[in-house]
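Trainee: Coordinates in final20.cif, mmCIF, C-alpha atoms, are listed below.
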data_input
loop_
_atom_site.label_atom_id
_atom_site.label_comp_id
_atom_site.auth_asym_id
_atom_site.auth_seq_id
_atom_site.Cartn_x
_atom_site.Cartn_y
_atom_site.Cartn_z
CA ALA N 205 1.83 -3.65 -8.93
CA GLY N 206 2.74 -7.12 -7.59
CA TYR N 207 1.58 -9.87 -5.26
CA ASN N 208 1.34 -7.47 -2.28
CA SER N 209 1.07 -4.07 -3.98
CA ILE N 210 -1.69 -2.01 -5.54
CA LYS N 211 -0.98 1.31 -7.26
CA VAL N 212 -3.74 3.92 -6.98
CA SER N 213 -3.71 7.03 -9.17
CA TRP N 214 -5.97 10.05 -9.61
CA GLY N 215 -6.18 13.37 -11.41
CA ALA N 216 -4.93 16.65 -9.98
CA VAL N 217 -7.36 18.92 -8.14
CA ASP N 218 -6.85 22.60 -8.80
CA GLY N 219 -5.49 24.39 -5.70
CA ALA N 220 -5.00 21.20 -3.63
CA THR N 221 -2.14 21.14 -1.13
CA GLY N 222 -2.30 17.35 -0.92
CA TYR N 223 -4.39 14.22 -0.93
CA ARG N 224 -5.43 11.60 1.63
CA VAL N 225 -5.71 8.00 0.43
CA TYR N 226 -8.19 5.60 2.08
CA ARG N 227 -8.73 1.85 1.80
CA LYS N 228 -11.45 -0.59 2.87
CA VAL N 229 -12.62 -4.13 2.25
CA SER N 230 -16.18 -4.99 1.26
CA GLY N 231 -18.53 -4.18 4.14
CA GLY N 232 -15.78 -2.36 6.06
CA SER N 233 -15.19 1.31 6.76
CA TRP N 234 -12.63 3.63 5.19
CA LYS N 235 -9.21 3.64 6.88
CA LYS N 236 -6.58 6.30 6.23
CA LEU N 237 -3.47 4.99 4.47
CA LYS N 238 -1.38 8.04 3.63
CA ASP N 239 -1.28 11.78 3.04
CA THR N 240 0.69 12.68 -0.08
CA ALA N 241 1.32 15.54 -2.48
CA ASN N 242 1.74 13.04 -5.35
CA LEU N 243 -0.96 11.85 -7.76
CA THR N 244 -0.21 8.17 -7.10
CA TYR N 245 0.16 5.95 -4.07
CA THR N 246 1.34 2.33 -3.90
CA ASP N 247 -0.23 0.28 -1.14
CA THR N 248 2.40 -2.32 -0.20
CA THR N 249 0.32 -3.92 2.56
CA ALA N 250 -2.22 -5.68 0.34
CA VAL N 251 -2.87 -9.39 0.75
CA THR N 252 -2.73 -11.37 -2.50
CA GLY N 253 -6.19 -12.04 -3.92
CA THR N 254 -8.10 -9.79 -1.51
CA THR N 255 -10.30 -7.16 -3.17
CA TYR N 256 -9.72 -3.69 -1.73
CA TYR N 257 -11.55 -0.43 -2.36
CA TYR N 258 -9.72 2.89 -2.53
CA THR N 259 -10.79 6.50 -2.47
CA VAL N 260 -8.99 9.85 -2.24
CA ARG N 261 -9.82 13.22 -0.71
CA ALA N 262 -8.10 16.43 -1.68
CA TYR N 263 -7.26 19.07 0.91
CA ARG N 264 -6.01 22.63 0.90
CA THR N 265 -4.16 24.06 3.87
CA VAL N 266 -5.47 27.52 4.80
CA ASN N 267 -4.04 29.37 7.82
CA GLY N 268 -2.65 26.11 9.22
CA SER N 269 -5.90 24.15 8.90
CA ASN N 270 -6.93 21.67 6.23
CA VAL N 271 -10.09 22.20 4.21
CA TRP N 272 -11.27 18.83 2.82
CA SER N 273 -13.03 17.91 -0.43
CA SER N 274 -15.71 15.28 -0.66
CA TYR N 275 -14.77 11.82 -1.97
CA VAL N 276 -16.14 9.01 -4.10
CA LYS N 277 -17.96 6.92 -1.50
CA ALA N 278 -18.00 3.72 -3.59
CA GLY N 279 -14.29 4.03 -4.39
CA ILE N 280 -12.52 1.91 -6.98
CA SER N 281 -11.60 -1.72 -6.49
CA ALA N 282 -8.38 -3.59 -7.10
CA LYS N 283 -6.79 -6.90 -6.21
CA ALA N 284 -3.08 -7.63 -5.73
CA ILE N 285 -1.91 -10.43 -8.03
CA PRO N 286 1.54 -11.71 -8.99
CA ALA N 287 3.37 -9.65 -11.60
CA THR N 288 3.54 -10.76 -15.24
CA PRO N 289 6.68 -12.86 -15.86
CA LYS N 290 9.21 -11.27 -18.19
CA LEU N 291 9.92 -13.81 -20.91
CA SER N 292 13.63 -14.29 -21.67
CA GLY N 293 13.17 -16.25 -24.90
CA ALA N 294 12.46 -19.58 -26.54
CA SER N 295 15.43 -21.48 -27.98
CA SER N 296 15.81 -24.71 -29.90
CA LEU N 297 17.40 -27.66 -28.10
CA GLY N 298 17.28 -29.89 -31.16
CA TYR N 299 14.88 -31.05 -33.84
CA ASN N 300 11.99 -31.66 -31.38
CA LYS N 301 12.64 -29.48 -28.32
CA ILE N 302 12.24 -25.82 -27.42
CA LYS N 303 13.22 -24.35 -24.08
CA VAL N 304 11.27 -21.28 -22.89
CA SER N 305 12.74 -19.17 -20.07
CA TRP N 306 11.51 -16.30 -17.90
CA ASN N 307 12.55 -14.13 -14.96
CA LYS N 308 11.56 -14.81 -11.37
CA VAL N 309 8.41 -13.09 -10.11
CA ALA N 310 8.47 -11.85 -6.51
CA GLY N 311 6.05 -13.75 -4.29
CA ALA N 312 5.17 -16.38 -6.91
CA THR N 313 4.49 -19.92 -5.69
CA GLY N 314 4.77 -21.29 -9.23
CA TYR N 315 4.32 -20.78 -12.94
CA ARG N 316 2.07 -22.14 -15.68
CA VAL N 317 3.42 -22.47 -19.24
CA TYR N 318 1.30 -22.13 -22.40
CA ARG N 319 1.98 -22.67 -26.12
CA LYS N 320 0.20 -21.79 -29.35
CA VAL N 321 0.77 -21.64 -33.08
CA SER N 322 0.09 -18.54 -35.15
CA GLY N 323 -3.65 -17.81 -35.15
CA GLY N 324 -4.34 -20.47 -32.50
CA SER N 325 -5.34 -20.37 -28.85
CA TRP N 326 -3.08 -20.75 -25.82
CA LEU N 327 -2.81 -24.38 -24.71
CA TYR N 328 -1.70 -25.46 -21.25
CA LEU N 329 1.66 -27.29 -21.25
CA GLY N 330 2.63 -27.67 -17.61
CA ASP N 331 3.40 -26.13 -14.23
CA THR N 332 6.65 -25.56 -12.39
CA THR N 333 7.22 -24.36 -8.85
CA THR N 334 10.93 -23.51 -8.75
CA ALA N 335 12.30 -23.74 -12.29
CA LEU N 336 12.42 -20.60 -14.41
CA SER N 337 12.37 -22.56 -17.66
CA TYR N 338 10.35 -25.29 -19.32
CA THR N 339 11.35 -27.66 -22.13
CA ASP N 340 8.61 -28.47 -24.65
CA GLU N 341 9.32 -31.88 -26.21
CA TRP N 342 6.11 -32.36 -28.20
CA ILE N 343 6.64 -30.23 -31.28
CA THR N 344 7.25 -30.45 -35.02
CA THR N 345 10.59 -29.48 -36.54
CA GLY N 346 10.49 -26.12 -38.34
CA THR N 347 7.12 -24.99 -36.98
CA THR N 348 7.09 -21.63 -35.17
CA TYR N 349 5.54 -21.88 -31.71
CA TYR N 350 4.66 -19.09 -29.30
CA TYR N 351 5.05 -19.41 -25.53
CA THR N 352 3.84 -17.44 -22.54
CA VAL N 353 3.91 -17.92 -18.77
CA ARG N 354 1.59 -16.97 -15.89
CA ALA N 355 2.73 -16.70 -12.30
CA TYR N 356 0.51 -17.79 -9.43
CA ARG N 357 0.60 -17.46 -5.66
CA THR N 358 -1.17 -19.94 -3.41
CA VAL N 359 -3.19 -18.31 -0.63
CA ASP N 360 -5.14 -20.54 1.77
CA GLY N 361 -5.02 -23.40 -0.75
CA THR N 362 -6.27 -21.30 -3.66
CA LYS N 363 -4.13 -20.29 -6.65
CA ILE N 364 -4.27 -16.55 -7.33
CA TRP N 365 -3.26 -16.03 -10.96
CA GLY N 366 -1.29 -13.14 -12.42
CA ASN N 367 -1.53 -11.90 -15.98
CA TYR N 368 0.53 -13.13 -18.92
CA ASP N 369 2.23 -11.59 -21.94
CA THR N 370 -0.42 -12.01 -24.65
CA ALA N 371 2.15 -11.77 -27.47
CA GLY N 372 4.51 -14.32 -25.92
CA VAL N 373 7.90 -15.25 -27.36
CA SER N 374 8.44 -17.38 -30.45
CA GLY N 375 10.74 -20.32 -31.07
CA LYS N 376 11.33 -22.94 -33.75
CA ALA N 377 12.89 -26.39 -33.28
CA ILE N 378 15.76 -27.02 -35.69
CA PRO N 379 18.31 -29.83 -35.88
CA ALA N 380 21.29 -29.42 -33.58
CA THR N 381 24.59 -28.11 -34.93
CA PRO N 382 26.92 -30.96 -35.91
CA SER N 383 30.02 -31.37 -33.77
CA LEU N 384 33.06 -31.26 -36.02
CA THR N 385 35.80 -33.77 -35.25
#
Using structure tokens, write down the structure from this file.

Mentor:
Amino acid sequence: AGYNSIKVSWGAVDGATGYRVYRKVSGGSWKKLKDTANLTYTDTTAVTGTTYYYTVRAYRTVNGSNVWSSYVKAGISAKAIPATPKLSGASSLGYNKIKVSWNKVAGATGYRVYRKVSGGSWLYLGDTTTALSYTDEWITTGTTYYYTVRAYRTVDGTKIWGNYDTAGVSGKAIPATPSLT
């Protein structure tokens, strides 16, 4: 759910009053996170790139006391990674330039930009740390190119990569509009 968030969800248990969510790291023991009546819980205390395990117990309150279900001892695992950048578009800046833009991703240290042609594979173009756009200057006029962006967050010197929009956005370089005098 983001660089510091993991969303856990589960199916309803017939007759349950609520649920208790637990988390652990590999080799650790289960720690209670939250009691909830919902069927989802978002853990906002996750550290980017750390693998966590989650499990849930159902309970039913009877005469003021909780009766607990068993739980999946292995749990399910998840890792907090940066969110997928939302692509704003790819626009022509002239006969040989296309500018691709995207929205800021919370917690991202930087972004990696990729390009492909129809039916091709994604090719690395470049990285940016603060800019939310990238200008591709190595293209052919009239060819449709597709662009996508991945966010990353650096943790202890290691880049933790988010996902990317597999469809991307398309753009085509065309000659600039003449300026009438």

Trainee: For the provided coordinates, the residues matched by the PyMOL selection byres ((chain N and resi 274) around 9) should be stated as a list of chain:residue names.

Mentor: N:Val260, N:Arg261, N:Ala262, N:Trp272, N:Ser273, N:Tyr275, N:Val276, N:Lys277

Trainee: Would you write out, as CSV, a table of all residues in stretch 259-362 of chain N that have an atom no more than 12 Å from an atom of stretch 370-374 of chain N, listing for each the closest atom pair and the distance in Å to one decimal, considering all atoms listed in the file and ordering rows by chain and rising residue number?

Mentor:
residue,atom,partner,partner_atom,distance
N:Thr288,CA,N:Thr370,CA,10.3
N:Pro289,CA,N:Gly372,CA,10.4
N:Lys290,CA,N:Gly372,CA,9.5
N:Leu291,CA,N:Val373,CA,6.9
N:Ser292,CA,N:Val373,CA,8.1
N:Gly293,CA,N:Val373,CA,5.9
N:Ala294,CA,N:Ser374,CA,6.0
N:Ser295,CA,N:Ser374,CA,8.5
N:Ser296,CA,N:Ser374,CA,10.4
N:Ile302,CA,N:Ser374,CA,9.7
N:Lys303,CA,N:Ser374,CA,10.6
N:Val304,CA,N:Val373,CA,8.2
N:Ser305,CA,N:Val373,CA,9.6
N:Trp306,CA,N:Val373,CA,10.2
N:Val317,CA,N:Gly372,CA,10.6
N:Tyr318,CA,N:Gly372,CA,9.1
N:Arg319,CA,N:Gly372,CA,8.7
N:Lys320,CA,N:Gly372,CA,9.3
N:Val321,CA,N:Ser374,CA,9.2
N:Ser322,CA,N:Ser374,CA,9.7
N:Gly323,CA,N:Ala371,CA,11.4
N:Gly324,CA,N:Ala371,CA,12.0
N:Ser325,CA,N:Thr370,CA,10.6
N:Trp326,CA,N:Thr370,CA,9.2
N:Gly346,CA,N:Ser374,CA,12.0
N:Thr347,CA,N:Ser374,CA,10.1
N:Thr348,CA,N:Ser374,CA,6.5
N:Tyr349,CA,N:Ser374,CA,5.5
N:Tyr350,CA,N:Ser374,CA,4.3
N:Tyr351,CA,N:Gly372,CA,5.1
N:Thr352,CA,N:Gly372,CA,4.6
N:Val353,CA,N:Gly372,CA,8.0
N:Arg354,CA,N:Thr370,CA,10.3

Trainee: Could you give me, as a PyMOL selection string, the residues that have an atom at most 12 Å away from the point (-8.3, 15.0, 0.0) in the coordinates of the file, using only C-alpha atoms?

Mentor: chain N and resi 214-226+236-243+259-265+270-276

Trainee: To test your reading of the syntax: which residues would the PyMOL selection byres ((chain N and resi 257) around 7) return for the file shown? Reply as a VMD selection string.

Mentor: chain N and resid 227 to 229 255 to 256 258 to 259 279 to 282

Trainee: Report as a count of residues only the residues that result from applying the PyMOL selection byres ((chain N and resi 212) around 8) to the structure here.

Mentor: 9

Trainee: Between atom CA of N:Tyr328 and atom CA of N:Gly361, what is the spacing in Å?

Mentor: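 Between atom CA of N:Gly361 and atom CA of N:Tyr328 the gap is 20.9 Å.
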
Trainee: Using Å and a single decimal, report how far atom CA of N:Asn367 sits from atom CA of N:Ala312.

Mentor: 12.1 Å

Trainee: My list of candidates is N:Asn300, N:Ser230, N:Thr334, N:Thr385. Which is closest to N:Gly314 when distances are computed with all atoms listed in the file?

Mentor: N:Thr334
